[in-house]
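Undergrad: If it helps, the file is called start_21.pdb and holds PDB, C-alpha atoms, pLDDT in the B column:
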MODEL        1
ATOM      1  CA  MET A   1      19.946 -55.511 -12.304  1.00 40.00           C
ATOM      2  CA  PHE A   2      20.797 -55.922  -8.634  1.00 37.00           C
ATOM      3  CA  ALA A   3      19.481 -57.149  -5.327  1.00 47.00           C
ATOM      4  CA  LYS A   4      20.017 -55.648  -1.922  1.00 44.00           C
ATOM      5  CA  GLN A   5      18.862 -56.700   1.493  1.00 45.00           C
ATOM      6  CA  ALA A   6      17.341 -54.971   4.492  1.00 44.00           C
ATOM      7  CA  ARG A   7      16.042 -56.407   7.744  1.00 43.00           C
ATOM      8  CA  THR A   8      13.004 -55.159   9.647  1.00 41.00           C
ATOM      9  CA  ARG A   9      12.902 -57.081  12.943  1.00 44.00           C
ATOM     10  CA  MET A  10      11.543 -60.543  12.156  1.00 62.00           C
ATOM     11  CA  THR A  11      10.689 -59.739   8.539  1.00 87.00           C
ATOM     12  CA  GLU A  12      13.149 -59.822   5.650  1.00 94.00           C
ATOM     13  CA  ILE A  13      12.624 -57.449   2.728  1.00 96.00           C
ATOM     14  CA  ARG A  14      14.654 -57.822  -0.451  1.00 97.00           C
ATOM     15  CA  VAL A  15      14.405 -55.566  -3.462  1.00 98.00           C
ATOM     16  CA  PHE A  16      15.189 -56.464  -7.068  1.00 98.00           C
ATOM     17  CA  ALA A  17      15.565 -53.527  -9.435  1.00 97.00           C
ATOM     18  CA  GLY A  18      15.972 -53.355 -13.189  1.00 95.00           C
ATOM     19  CA  GLY A  19      14.260 -53.665 -16.545  1.00 93.00           C
ATOM     20  CA  PRO A  20      13.579 -50.888 -19.044  1.00 92.00           C
ATOM     21  CA  PHE A  21      11.564 -48.904 -16.479  1.00 94.00           C
ATOM     22  CA  GLY A  22      13.903 -49.419 -13.520  1.00 95.00           C
ATOM     23  CA  GLU A  23      11.065 -50.849 -11.435  1.00 97.00           C
ATOM     24  CA  ASN A  24      11.509 -52.300  -7.925  1.00 98.00           C
ATOM     25  CA  THR A  25      10.095 -55.739  -7.142  1.00 98.00           C
ATOM     26  CA  TYR A  26       9.990 -56.673  -3.453  1.00 98.00           C
ATOM     27  CA  LEU A  27      10.176 -60.036  -1.733  1.00 98.00           C
ATOM     28  CA  VAL A  28       8.884 -59.866   1.847  1.00 97.00           C
ATOM     29  CA  PHE A  29       9.204 -62.975   3.982  1.00 96.00           C
ATOM     30  CA  ASP A  30       9.366 -64.235   7.534  1.00 95.00           C
ATOM     31  CA  ALA A  31      12.864 -65.508   8.252  1.00 91.00           C
ATOM     32  CA  ASP A  32      11.595 -68.261  10.530  1.00 92.00           C
ATOM     33  CA  SER A  33       8.509 -69.653   8.814  1.00 93.00           C
ATOM     34  CA  LYS A  34       9.736 -68.802   5.281  1.00 95.00           C
ATOM     35  CA  ALA A  35       6.238 -67.575   4.383  1.00 96.00           C
ATOM     36  CA  GLY A  36       6.455 -64.689   1.947  1.00 97.00           C
ATOM     37  CA  VAL A  37       4.860 -62.404  -0.615  1.00 97.00           C
ATOM     38  CA  LEU A  38       5.995 -60.800  -3.835  1.00 98.00           C
ATOM     39  CA  VAL A  39       5.088 -57.151  -4.314  1.00 98.00           C
ATOM     40  CA  ASP A  40       4.827 -55.692  -7.829  1.00 98.00           C
ATOM     41  CA  PRO A  41       6.560 -58.415  -9.872  1.00 98.00           C
ATOM     42  CA  GLY A  42       8.148 -56.556 -12.778  1.00 97.00           C
ATOM     43  CA  ALA A  43      10.870 -57.256 -15.327  1.00 96.00           C
ATOM     44  CA  VAL A  44      13.265 -58.652 -12.706  1.00 97.00           C
ATOM     45  CA  THR A  45      10.797 -61.289 -11.548  1.00 98.00           C
ATOM     46  CA  PRO A  46      13.071 -64.174 -12.709  1.00 97.00           C
ATOM     47  CA  SER A  47      15.743 -62.953 -10.272  1.00 97.00           C
ATOM     48  CA  ALA A  48      13.187 -62.652  -7.484  1.00 98.00           C
ATOM     49  CA  LEU A  49      11.879 -66.152  -8.174  1.00 98.00           C
ATOM     50  CA  SER A  50      15.412 -67.532  -8.110  1.00 98.00           C
ATOM     51  CA  GLU A  51      15.792 -66.031  -4.644  1.00 97.00           C
ATOM     52  CA  VAL A  52      12.449 -67.491  -3.599  1.00 98.00           C
ATOM     53  CA  GLU A  53      13.705 -70.925  -4.645  1.00 97.00           C
ATOM     54  CA  ARG A  54      17.135 -70.495  -3.071  1.00 97.00           C
ATOM     55  CA  LEU A  55      15.681 -69.425   0.274  1.00 96.00           C
ATOM     56  CA  GLU A  56      12.865 -71.985   0.085  1.00 97.00           C
ATOM     57  CA  VAL A  57      10.256 -69.259   0.597  1.00 97.00           C
ATOM     58  CA  GLU A  58       6.625 -70.337   0.311  1.00 97.00           C
ATOM     59  CA  LEU A  59       4.725 -67.580  -1.493  1.00 97.00           C
ATOM     60  CA  GLU A  60       1.402 -66.833   0.175  1.00 97.00           C
ATOM     61  CA  ALA A  61       0.333 -64.014  -2.132  1.00 97.00           C
ATOM     62  CA  VAL A  62       1.256 -61.494  -4.786  1.00 98.00           C
ATOM     63  CA  LEU A  63       0.440 -57.916  -3.764  1.00 98.00           C
ATOM     64  CA  LEU A  64       0.067 -55.193  -6.392  1.00 98.00           C
ATOM     65  CA  THR A  65       0.285 -51.509  -5.551  1.00 98.00           C
ATOM     66  CA  HIS A  66      -1.220 -50.811  -8.985  1.00 98.00           C
ATOM     67  CA  ALA A  67      -1.548 -52.309 -12.447  1.00 98.00           C
ATOM     68  CA  HIS A  68       0.853 -50.365 -14.671  1.00 97.00           C
ATOM     69  CA  LEU A  69       2.727 -52.734 -16.952  1.00 96.00           C
ATOM     70  CA  ASP A  70       6.136 -52.350 -15.270  1.00 96.00           C
ATOM     71  CA  HIS A  71       4.626 -53.545 -11.979  1.00 98.00           C
ATOM     72  CA  ILE A  72       2.818 -56.603 -13.323  1.00 98.00           C
ATOM     73  CA  GLU A  73       4.829 -57.830 -16.317  1.00 97.00           C
ATOM     74  CA  GLY A  74       6.258 -60.728 -14.287  1.00 97.00           C
ATOM     75  CA  LEU A  75       2.918 -62.123 -13.118  1.00 98.00           C
ATOM     76  CA  ALA A  76       2.681 -64.847 -15.737  1.00 97.00           C
ATOM     77  CA  ALA A  77       6.117 -66.120 -14.706  1.00 98.00           C
ATOM     78  CA  VAL A  78       5.066 -66.153 -11.054  1.00 98.00           C
ATOM     79  CA  ARG A  79       1.913 -68.115 -11.786  1.00 98.00           C
ATOM     80  CA  ARG A  80       3.895 -70.797 -13.607  1.00 97.00           C
ATOM     81  CA  VAL A  81       5.727 -71.653 -10.391  1.00 97.00           C
ATOM     82  CA  SER A  82       3.235 -70.678  -7.687  1.00 97.00           C
ATOM     83  CA  PRO A  83      -0.557 -70.594  -7.193  1.00 97.00           C
ATOM     84  CA  ALA A  84      -0.201 -67.612  -4.838  1.00 98.00           C
ATOM     85  CA  PRO A  85      -3.325 -65.440  -5.237  1.00 98.00           C
ATOM     86  CA  ILE A  86      -2.925 -62.039  -6.892  1.00 98.00           C
ATOM     87  CA  HIS A  87      -4.291 -59.070  -4.903  1.00 98.00           C
ATOM     88  CA  LEU A  88      -5.347 -55.899  -6.751  1.00 98.00           C
ATOM     89  CA  HIS A  89      -7.628 -52.942  -6.056  1.00 98.00           C
ATOM     90  CA  PRO A  90     -10.629 -53.283  -8.411  1.00 98.00           C
ATOM     91  CA  ALA A  91     -10.352 -49.677  -9.658  1.00 98.00           C
ATOM     92  CA  ASP A  92      -7.194 -50.730 -11.506  1.00 98.00           C
ATOM     93  CA  ARG A  93      -8.757 -53.751 -13.201  1.00 98.00           C
ATOM     94  CA  PRO A  94      -9.280 -51.946 -16.555  1.00 97.00           C
ATOM     95  CA  ILE A  95      -5.584 -51.028 -16.643  1.00 97.00           C
ATOM     96  CA  TYR A  96      -4.667 -54.580 -15.683  1.00 97.00           C
ATOM     97  CA  ASP A  97      -6.766 -56.079 -18.467  1.00 97.00           C
ATOM     98  CA  ALA A  98      -5.272 -53.715 -21.070  1.00 95.00           C
ATOM     99  CA  VAL A  99      -1.637 -54.356 -20.154  1.00 95.00           C
ATOM    100  CA  THR A 100      -0.639 -55.882 -23.503  1.00 93.00           C
ATOM    101  CA  ASP A 101      -2.036 -52.863 -25.361  1.00 92.00           C
ATOM    102  CA  HIS A 102      -0.228 -50.469 -23.029  1.00 90.00           C
ATOM    103  CA  ALA A 103       3.007 -52.394 -23.498  1.00 89.00           C
ATOM    104  CA  ALA A 104       2.726 -52.069 -27.269  1.00 91.00           C
ATOM    105  CA  VAL A 105       2.535 -48.283 -26.915  1.00 89.00           C
ATOM    106  CA  PHE A 106       5.920 -48.361 -25.174  1.00 87.00           C
ATOM    107  CA  GLY A 107       7.374 -50.749 -27.729  1.00 88.00           C
ATOM    108  CA  VAL A 108       7.675 -53.694 -25.367  1.00 88.00           C
ATOM    109  CA  SER A 109       5.882 -57.015 -25.148  1.00 88.00           C
ATOM    110  CA  VAL A 110       4.279 -58.386 -21.998  1.00 92.00           C
ATOM    111  CA  GLU A 111       2.863 -61.844 -21.477  1.00 94.00           C
ATOM    112  CA  ARG A 112      -0.809 -61.543 -20.546  1.00 95.00           C
ATOM    113  CA  PRO A 113      -1.158 -62.035 -16.775  1.00 96.00           C
ATOM    114  CA  PRO A 114      -3.657 -64.383 -15.150  1.00 97.00           C
ATOM    115  CA  PRO A 115      -6.778 -62.709 -13.740  1.00 97.00           C
ATOM    116  CA  PRO A 116      -6.405 -61.234 -10.245  1.00 98.00           C
ATOM    117  CA  ASP A 117      -7.843 -63.363  -7.471  1.00 98.00           C
ATOM    118  CA  VAL A 118      -8.550 -61.003  -4.563  1.00 98.00           C
ATOM    119  CA  ASN A 119      -9.872 -57.436  -4.423  1.00 98.00           C
ATOM    120  CA  LEU A 120      -8.062 -55.054  -2.106  1.00 98.00           C
ATOM    121  CA  ALA A 121     -10.007 -52.408  -0.192  1.00 98.00           C
ATOM    122  CA  HIS A 122      -8.987 -49.286   1.701  1.00 98.00           C
ATOM    123  CA  GLY A 123      -8.615 -49.832   5.432  1.00 97.00           C
ATOM    124  CA  GLN A 124      -8.385 -53.600   5.357  1.00 97.00           C
ATOM    125  CA  THR A 125      -5.514 -55.459   6.976  1.00 97.00           C
ATOM    126  CA  VAL A 126      -3.747 -58.202   5.064  1.00 96.00           C
ATOM    127  CA  THR A 127      -1.658 -60.641   7.071  1.00 94.00           C
ATOM    128  CA  PHE A 128       1.215 -62.265   5.232  1.00 90.00           C
ATOM    129  CA  ALA A 129       4.780 -63.272   5.945  1.00 80.00           C
ATOM    130  CA  GLY A 130       4.105 -63.136   9.682  1.00 81.00           C
ATOM    131  CA  SER A 131       3.106 -59.447   9.610  1.00 91.00           C
ATOM    132  CA  ASP A 132       0.010 -57.260   9.369  1.00 95.00           C
ATOM    133  CA  TRP A 133      -0.106 -54.712   6.538  1.00 97.00           C
ATOM    134  CA  GLU A 134      -2.704 -51.950   6.320  1.00 98.00           C
ATOM    135  CA  VAL A 135      -4.068 -51.290   2.834  1.00 98.00           C
ATOM    136  CA  ARG A 136      -4.322 -47.565   2.074  1.00 98.00           C
ATOM    137  CA  HIS A 137      -6.014 -46.460  -1.148  1.00 98.00           C
ATOM    138  CA  ALA A 138      -3.857 -43.711  -2.677  1.00 98.00           C
ATOM    139  CA  PRO A 139      -5.113 -42.839  -6.189  1.00 98.00           C
ATOM    140  CA  GLY A 140      -3.743 -40.146  -8.458  1.00 98.00           C
ATOM    141  CA  HIS A 141      -0.979 -42.058 -10.207  1.00 98.00           C
ATOM    142  CA  ALA A 142      -3.481 -44.804 -10.982  1.00 98.00           C
ATOM    143  CA  PRO A 143      -7.154 -45.064  -9.929  1.00 98.00           C
ATOM    144  CA  GLY A 144      -6.638 -48.208  -7.871  1.00 98.00           C
ATOM    145  CA  HIS A 145      -3.212 -47.447  -6.445  1.00 98.00           C
ATOM    146  CA  VAL A 146      -2.723 -48.652  -2.885  1.00 98.00           C
ATOM    147  CA  VAL A 147       0.164 -48.612  -0.431  1.00 98.00           C
ATOM    148  CA  PHE A 148       0.872 -51.257   2.194  1.00 98.00           C
ATOM    149  CA  TYR A 149       1.846 -50.000   5.659  1.00 98.00           C
ATOM    150  CA  SER A 150       3.256 -51.997   8.556  1.00 97.00           C
ATOM    151  CA  GLU A 151       3.189 -50.054  11.801  1.00 96.00           C
ATOM    152  CA  ALA A 152       5.154 -52.775  13.588  1.00 94.00           C
ATOM    153  CA  HIS A 153       7.998 -52.663  11.075  1.00 95.00           C
ATOM    154  CA  GLU A 154       7.746 -48.925  10.355  1.00 97.00           C
ATOM    155  CA  VAL A 155       7.681 -49.626   6.622  1.00 97.00           C
ATOM    156  CA  CYS A 156       5.406 -48.506   3.792  1.00 98.00           C
ATOM    157  CA  LEU A 157       5.488 -50.202   0.404  1.00 98.00           C
ATOM    158  CA  ALA A 158       4.654 -47.010  -1.442  1.00 98.00           C
ATOM    159  CA  GLY A 159       4.590 -47.966  -5.111  1.00 98.00           C
ATOM    160  CA  ASP A 160       4.582 -44.939  -7.397  1.00 98.00           C
ATOM    161  CA  VAL A 161       2.857 -42.404  -5.130  1.00 98.00           C
ATOM    162  CA  VAL A 162       6.022 -40.715  -3.886  1.00 98.00           C
ATOM    163  CA  PHE A 163       9.746 -41.237  -4.534  1.00 98.00           C
ATOM    164  CA  ALA A 164      12.984 -39.987  -3.046  1.00 98.00           C
ATOM    165  CA  GLY A 165      12.850 -36.340  -4.076  1.00 96.00           C
ATOM    166  CA  SER A 166       9.913 -36.734  -6.439  1.00 97.00           C
ATOM    167  CA  ILE A 167       6.314 -37.883  -6.834  1.00 97.00           C
ATOM    168  CA  GLY A 168       4.506 -40.241  -9.177  1.00 97.00           C
ATOM    169  CA  ARG A 169       3.359 -39.266 -12.634  1.00 96.00           C
ATOM    170  CA  SER A 170      -0.204 -38.091 -12.999  1.00 96.00           C
ATOM    171  CA  ASP A 171      -0.287 -37.725 -16.793  1.00 93.00           C
ATOM    172  CA  LEU A 172      -1.017 -41.368 -17.580  1.00 89.00           C
ATOM    173  CA  PRO A 173      -4.582 -42.591 -18.234  1.00 85.00           C
ATOM    174  CA  GLY A 174      -6.507 -42.526 -14.973  1.00 90.00           C
ATOM    175  CA  GLY A 175      -4.032 -40.184 -13.296  1.00 95.00           C
ATOM    176  CA  ASP A 176      -4.876 -36.851 -11.680  1.00 96.00           C
ATOM    177  CA  PHE A 177      -2.449 -34.409 -10.065  1.00 96.00           C
ATOM    178  CA  ARG A 178      -4.781 -32.994  -7.408  1.00 95.00           C
ATOM    179  CA  THR A 179      -5.897 -36.480  -6.439  1.00 97.00           C
ATOM    180  CA  LEU A 180      -2.281 -37.621  -6.186  1.00 97.00           C
ATOM    181  CA  MET A 181      -1.303 -34.712  -3.938  1.00 95.00           C
ATOM    182  CA  ALA A 182      -4.316 -35.358  -1.706  1.00 95.00           C
ATOM    183  CA  SER A 183      -3.286 -39.022  -1.472  1.00 97.00           C
ATOM    184  CA  ILE A 184       0.242 -38.066  -0.445  1.00 97.00           C
ATOM    185  CA  ARG A 185      -1.104 -35.781   2.271  1.00 95.00           C
ATOM    186  CA  ARG A 186      -3.656 -38.278   3.532  1.00 96.00           C
ATOM    187  CA  GLU A 187      -1.882 -41.633   3.206  1.00 97.00           C
ATOM    188  CA  ILE A 188       1.861 -40.850   3.286  1.00 97.00           C
ATOM    189  CA  LEU A 189       2.481 -37.661   5.278  1.00 96.00           C
ATOM    190  CA  SER A 190       0.113 -38.879   7.991  1.00 96.00           C
ATOM    191  CA  LEU A 191       2.609 -41.653   8.800  1.00 97.00           C
ATOM    192  CA  PRO A 192       5.381 -41.222  11.405  1.00 97.00           C
ATOM    193  CA  ASP A 193       8.451 -39.413  10.081  1.00 97.00           C
ATOM    194  CA  GLY A 194      10.661 -42.455  10.687  1.00 98.00           C
ATOM    195  CA  THR A 195       8.586 -44.667   8.397  1.00 98.00           C
ATOM    196  CA  ARG A 196      10.700 -46.146   5.603  1.00 98.00           C
ATOM    197  CA  LEU A 197       9.208 -45.643   2.153  1.00 98.00           C
ATOM    198  CA  LEU A 198      10.053 -48.528  -0.172  1.00 98.00           C
ATOM    199  CA  THR A 199       9.180 -47.052  -3.533  1.00 98.00           C
ATOM    200  CA  GLY A 200       8.376 -48.431  -6.960  1.00 98.00           C
ATOM    201  CA  HIS A 201      11.450 -46.836  -8.538  1.00 98.00           C
ATOM    202  CA  GLY A 202      14.745 -45.637  -7.114  1.00 97.00           C
ATOM    203  CA  PRO A 203      16.149 -45.782  -3.581  1.00 98.00           C
ATOM    204  CA  GLU A 204      14.188 -45.985  -0.379  1.00 98.00           C
ATOM    205  CA  THR A 205      13.553 -42.877   1.690  1.00 98.00           C
ATOM    206  CA  THR A 206      11.575 -41.876   4.781  1.00 98.00           C
ATOM    207  CA  VAL A 207       8.416 -39.888   5.375  1.00 97.00           C
ATOM    208  CA  GLY A 208      10.308 -37.279   7.362  1.00 96.00           C
ATOM    209  CA  HIS A 209      12.991 -36.824   4.728  1.00 96.00           C
ATOM    210  CA  GLU A 210      10.425 -36.253   1.999  1.00 96.00           C
ATOM    211  CA  ARG A 211       8.409 -33.924   4.213  1.00 94.00           C
ATOM    212  CA  ARG A 212      11.492 -31.763   4.749  1.00 93.00           C
ATOM    213  CA  THR A 213      13.251 -31.933   1.370  1.00 94.00           C
ATOM    214  CA  ASN A 214      11.005 -33.135  -1.445  1.00 95.00           C
ATOM    215  CA  PRO A 215      10.693 -30.167  -3.848  1.00 92.00           C
ATOM    216  CA  PHE A 216       7.143 -31.175  -4.761  1.00 93.00           C
ATOM    217  CA  LEU A 217       6.088 -31.092  -1.106  1.00 90.00           C
ATOM    218  CA  VAL A 218       8.259 -28.548   0.702  1.00 80.00           C
ATOM    219  CA  PRO A 219       6.745 -25.350  -0.808  1.00 63.00           C
ATOM    220  CA  GLN A 220       3.400 -26.144   0.776  1.00 52.00           C
ATOM    221  CA  TYR A 221       4.642 -27.684   4.012  1.00 47.00           C
ATOM    222  CA  GLY A 222       4.043 -25.538   7.080  1.00 42.00           C
ATOM    223  CA  GLY A 223       0.495 -24.828   6.044  1.00 35.00           C
ATOM    224  CA  GLU A 224      -1.449 -27.739   4.718  1.00 45.00           C
ATOM    225  CA  MET A 225       1.214 -30.431   4.221  1.00 45.00           C
ATOM    226  CA  VAL A 226       0.702 -30.610   0.464  1.00 45.00           C
TER     227      VAL A 226
ENDMDL
END
Taking this structure as input, can you express it in the form of structure tokens?
TA:
Amino acid sequence: MFAKQARTRMTEIRVFAGGPFGENTYLVFDADSKAGVLVDPGAVTPSALSEVERLEVELEAVLLTHAHLDHIEGLAAVRRVSPAPIHLHPADRPIYDAVTDHAAVFGVSVERPPPPDVNLAHGQTVTFAGSDWEVRHAPGHAPGHVVFYSEAHEVCLAGDVVFAGSIGRSDLPGGDFRTLMASIRREILSLPDGTRLLTGHGPETTVGHERRTNPFLVPQYGGEMV
């Protein structure tokens, strides 16, 4: 379990990684107003909440890229300390509601999360932590998977769509390989090459780096970009 820090202009982004699935939980906050959001609160949520308390961040929302158990298992803990509304794309609601059953399949236990409060939709802009974030629907790993893109900060919170040198799984319930590849082409590779990709697992990368080197993408680049 570890935390590292990056700064994007006026917005602070901290990542907490760990747990049995090695999932990344992000805390995004404005350094001046201390307004912030948690993104994908997973197994390391207690560490993220400790940082929220230490920095005196006021959580405005919880943003979910998707509803797989490793990205939502900390929601109950968040709700105990904050009323921040939970934002989820409605196509992932069935996965969300079945999280305790899915956890049992993997031999882990997850506290049932509170119901989501706000439906996310493709193309909308959510404004939190002093910044605007575009919601981009990117299914294939999960039916309701979204990514959050900030043009001003040149950052995309990419969830499990694409990773450094890899792509998200498409063999889980609701996944589809062709849909995932189309989402990568449409919602990720359409972004500027310098855009940082803060992923759901592993280290951050950039759009340009993945376009040039990702073995799942390179063979088809030069023609149709996936």
Undergrad: Report as a ChimeraX atom specification the residues that result from applying the PyMOL selection byres ((chain A and resi 190-204) around 6) to the structure here.
TA: /A:23-24,154-160,163,186-189,205-208
Undergrad: Which one of A:Arg80, A:His68, A:Arg185, A:His209 sits closest to Leu172 of chain A if you count all atoms listed in the file?
TA: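 Of the candidates, the smallest distance to Leu172 of chain A is held by A:His68.
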Undergrad: Report the residues retrieved by the PyMOL selection byres ((chain A and resi 90-102) around 9) from the displayed file, expressed as JSON, numbers by chain.
TA: {"A": [66, 67, 68, 69, 72, 73, 88, 89, 103, 104, 105, 106, 107, 108, 109, 110, 111, 112, 113, 115, 116, 118, 119, 120, 121, 142, 143, 144, 145, 173, 174]}
Undergrad: Can you measure atom CA of Phe29 of chain A to atom CA of Leu64 of chain A for me? One decimal in Å is fine.
TA: 15.9 Å
Undergrad: Atom CA of Arg178 of chain A and atom CA of Tyr26 of chain A are how many Å apart?
TA: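 These atoms are spaced 28.2 Å apart.
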Undergrad: Enter the distance from atom CA of Gly74 of chain A to atom CA of Gly123 of chain A, in Å, rounded to one decimal.
TA: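 Atom-to-atom, atom CA of Gly74 of chain A and atom CA of Gly123 of chain A are spaced 27.0 Å apart.
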Undergrad: List as JSON, numbers by chain the protein and nucleic acid residues near Val135 of chain A, meaning an atom at most 6 Å away when all atoms listed in the file are counted, but skip any in the same chain fewer than 2 places from it.
TA: {"A": [122, 123, 124, 147, 148]}
Undergrad: Would you please work out which residue, of A:Gly42, A:Gly175, A:Gly36, A:Gly165, is nearest to Leu217 of chain A when using all atoms listed in the file?
TA: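 Residue with the minimum atom-to-atom distance to Leu217 of chain A: A:Gly165.
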Undergrad: For segment 45-60 of chain A, work out the shell of residues within 12 Å, counting all atoms listed in the file and skipping chain neighbours fewer than 6 positions away, then give it as a tab-separated table (two decimals) with C-alpha atoms, in the coordinates of the input.
TA:
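File produced: part.tsv:
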chain	number	residue	atom	x	y	z
A	1	MET	CA	19.95	-55.51	-12.30
A	2	PHE	CA	20.80	-55.92	-8.63
A	3	ALA	CA	19.48	-57.15	-5.33
A	4	LYS	CA	20.02	-55.65	-1.92
A	5	GLN	CA	18.86	-56.70	1.49
A	12	GLU	CA	13.15	-59.82	5.65
A	13	ILE	CA	12.62	-57.45	2.73
A	14	ARG	CA	14.65	-57.82	-0.45
A	15	VAL	CA	14.40	-55.57	-3.46
A	16	PHE	CA	15.19	-56.46	-7.07
A	17	ALA	CA	15.56	-53.53	-9.44
A	18	GLY	CA	15.97	-53.36	-13.19
A	19	GLY	CA	14.26	-53.66	-16.55
A	23	GLU	CA	11.06	-50.85	-11.44
A	24	ASN	CA	11.51	-52.30	-7.92
A	25	THR	CA	10.10	-55.74	-7.14
A	26	TYR	CA	9.99	-56.67	-3.45
A	27	LEU	CA	10.18	-60.04	-1.73
A	28	VAL	CA	8.88	-59.87	1.85
A	29	PHE	CA	9.20	-62.98	3.98
A	30	ASP	CA	9.37	-64.24	7.53
A	31	ALA	CA	12.86	-65.51	8.25
A	32	ASP	CA	11.60	-68.26	10.53
A	33	SER	CA	8.51	-69.65	8.81
A	34	LYS	CA	9.74	-68.80	5.28
A	35	ALA	CA	6.24	-67.58	4.38
A	36	GLY	CA	6.46	-64.69	1.95
A	37	VAL	CA	4.86	-62.40	-0.62
A	38	LEU	CA	6.00	-60.80	-3.84
A	39	VAL	CA	5.09	-57.15	-4.31
A	70	ASP	CA	6.14	-52.35	-15.27
A	71	HIS	CA	4.63	-53.54	-11.98
A	72	ILE	CA	2.82	-56.60	-13.32
A	73	GLU	CA	4.83	-57.83	-16.32
A	74	GLY	CA	6.26	-60.73	-14.29
A	75	LEU	CA	2.92	-62.12	-13.12
A	76	ALA	CA	2.68	-64.85	-15.74
A	77	ALA	CA	6.12	-66.12	-14.71
A	78	VAL	CA	5.07	-66.15	-11.05
A	79	ARG	CA	1.91	-68.11	-11.79
A	80	ARG	CA	3.90	-70.80	-13.61
A	81	VAL	CA	5.73	-71.65	-10.39
A	82	SER	CA	3.24	-70.68	-7.69
A	83	PRO	CA	-0.56	-70.59	-7.19
A	84	ALA	CA	-0.20	-67.61	-4.84
A	85	PRO	CA	-3.32	-65.44	-5.24
A	86	ILE	CA	-2.92	-62.04	-6.89
A	87	HIS	CA	-4.29	-59.07	-4.90
A	126	VAL	CA	-3.75	-58.20	5.06
A	127	THR	CA	-1.66	-60.64	7.07
A	128	PHE	CA	1.22	-62.26	5.23
A	129	ALA	CA	4.78	-63.27	5.94
A	130	GLY	CA	4.11	-63.14	9.68
Undergrad: Which residue, A:Asp117, A:Glu210, A:Asp40, A:Glu151, has the smallest gap to Ser166 of chain A when you use all atoms listed in the file?
TA: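 Going through A:Asp117, A:Glu210, A:Asp40, A:Glu151 one by one, the smallest distance to Ser166 of chain A is for A:Glu210.
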Undergrad: For segment 47-59 of chain A, where the input has fewer atoms than it should, I would like N, CA and C atoms rebuilt and written as a short mmCIF file (atom, residue, chain, number, x, y, z; two decimals), in the coordinates of the input.
TA:
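Done, and the output landed in out_35.cif:
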data_model
loop_
_atom_site.label_atom_id
_atom_site.label_comp_id
_atom_site.auth_asym_id
_atom_site.auth_seq_id
_atom_site.Cartn_x
_atom_site.Cartn_y
_atom_site.Cartn_z
N SER A 47 14.75 -63.03 -11.36
CA SER A 47 15.74 -62.95 -10.27
C SER A 47 15.07 -63.13 -8.91
N ALA A 48 13.91 -62.52 -8.75
CA ALA A 48 13.19 -62.65 -7.48
C ALA A 48 12.76 -64.10 -7.26
N LEU A 49 12.30 -64.76 -8.31
CA LEU A 49 11.88 -66.15 -8.17
C LEU A 49 13.06 -67.07 -7.89
N SER A 50 14.21 -66.75 -8.43
CA SER A 50 15.41 -67.53 -8.11
C SER A 50 15.74 -67.42 -6.63
N GLU A 51 15.55 -66.23 -6.07
CA GLU A 51 15.79 -66.03 -4.64
C GLU A 51 14.74 -66.76 -3.81
N VAL A 52 13.50 -66.74 -4.27
CA VAL A 52 12.45 -67.49 -3.60
C VAL A 52 12.83 -68.97 -3.52
N GLU A 53 13.32 -69.51 -4.61
CA GLU A 53 13.70 -70.92 -4.64
C GLU A 53 14.92 -71.18 -3.76
N ARG A 54 15.91 -70.29 -3.84
CA ARG A 54 17.14 -70.50 -3.07
C ARG A 54 16.86 -70.47 -1.57
N LEU A 55 15.99 -69.57 -1.15
CA LEU A 55 15.68 -69.42 0.27
C LEU A 55 14.57 -70.35 0.74
N GLU A 56 13.97 -71.07 -0.21
CA GLU A 56 12.86 -71.98 0.08
C GLU A 56 11.68 -71.23 0.71
N VAL A 57 11.40 -70.05 0.15
CA VAL A 57 10.26 -69.26 0.60
C VAL A 57 8.98 -69.81 -0.02
N GLU A 58 7.94 -69.92 0.78
CA GLU A 58 6.62 -70.34 0.31
C GLU A 58 5.78 -69.09 0.08
N LEU A 59 5.49 -68.79 -1.19
CA LEU A 59 4.72 -67.58 -1.49
C LEU A 59 3.27 -67.75 -1.09
#
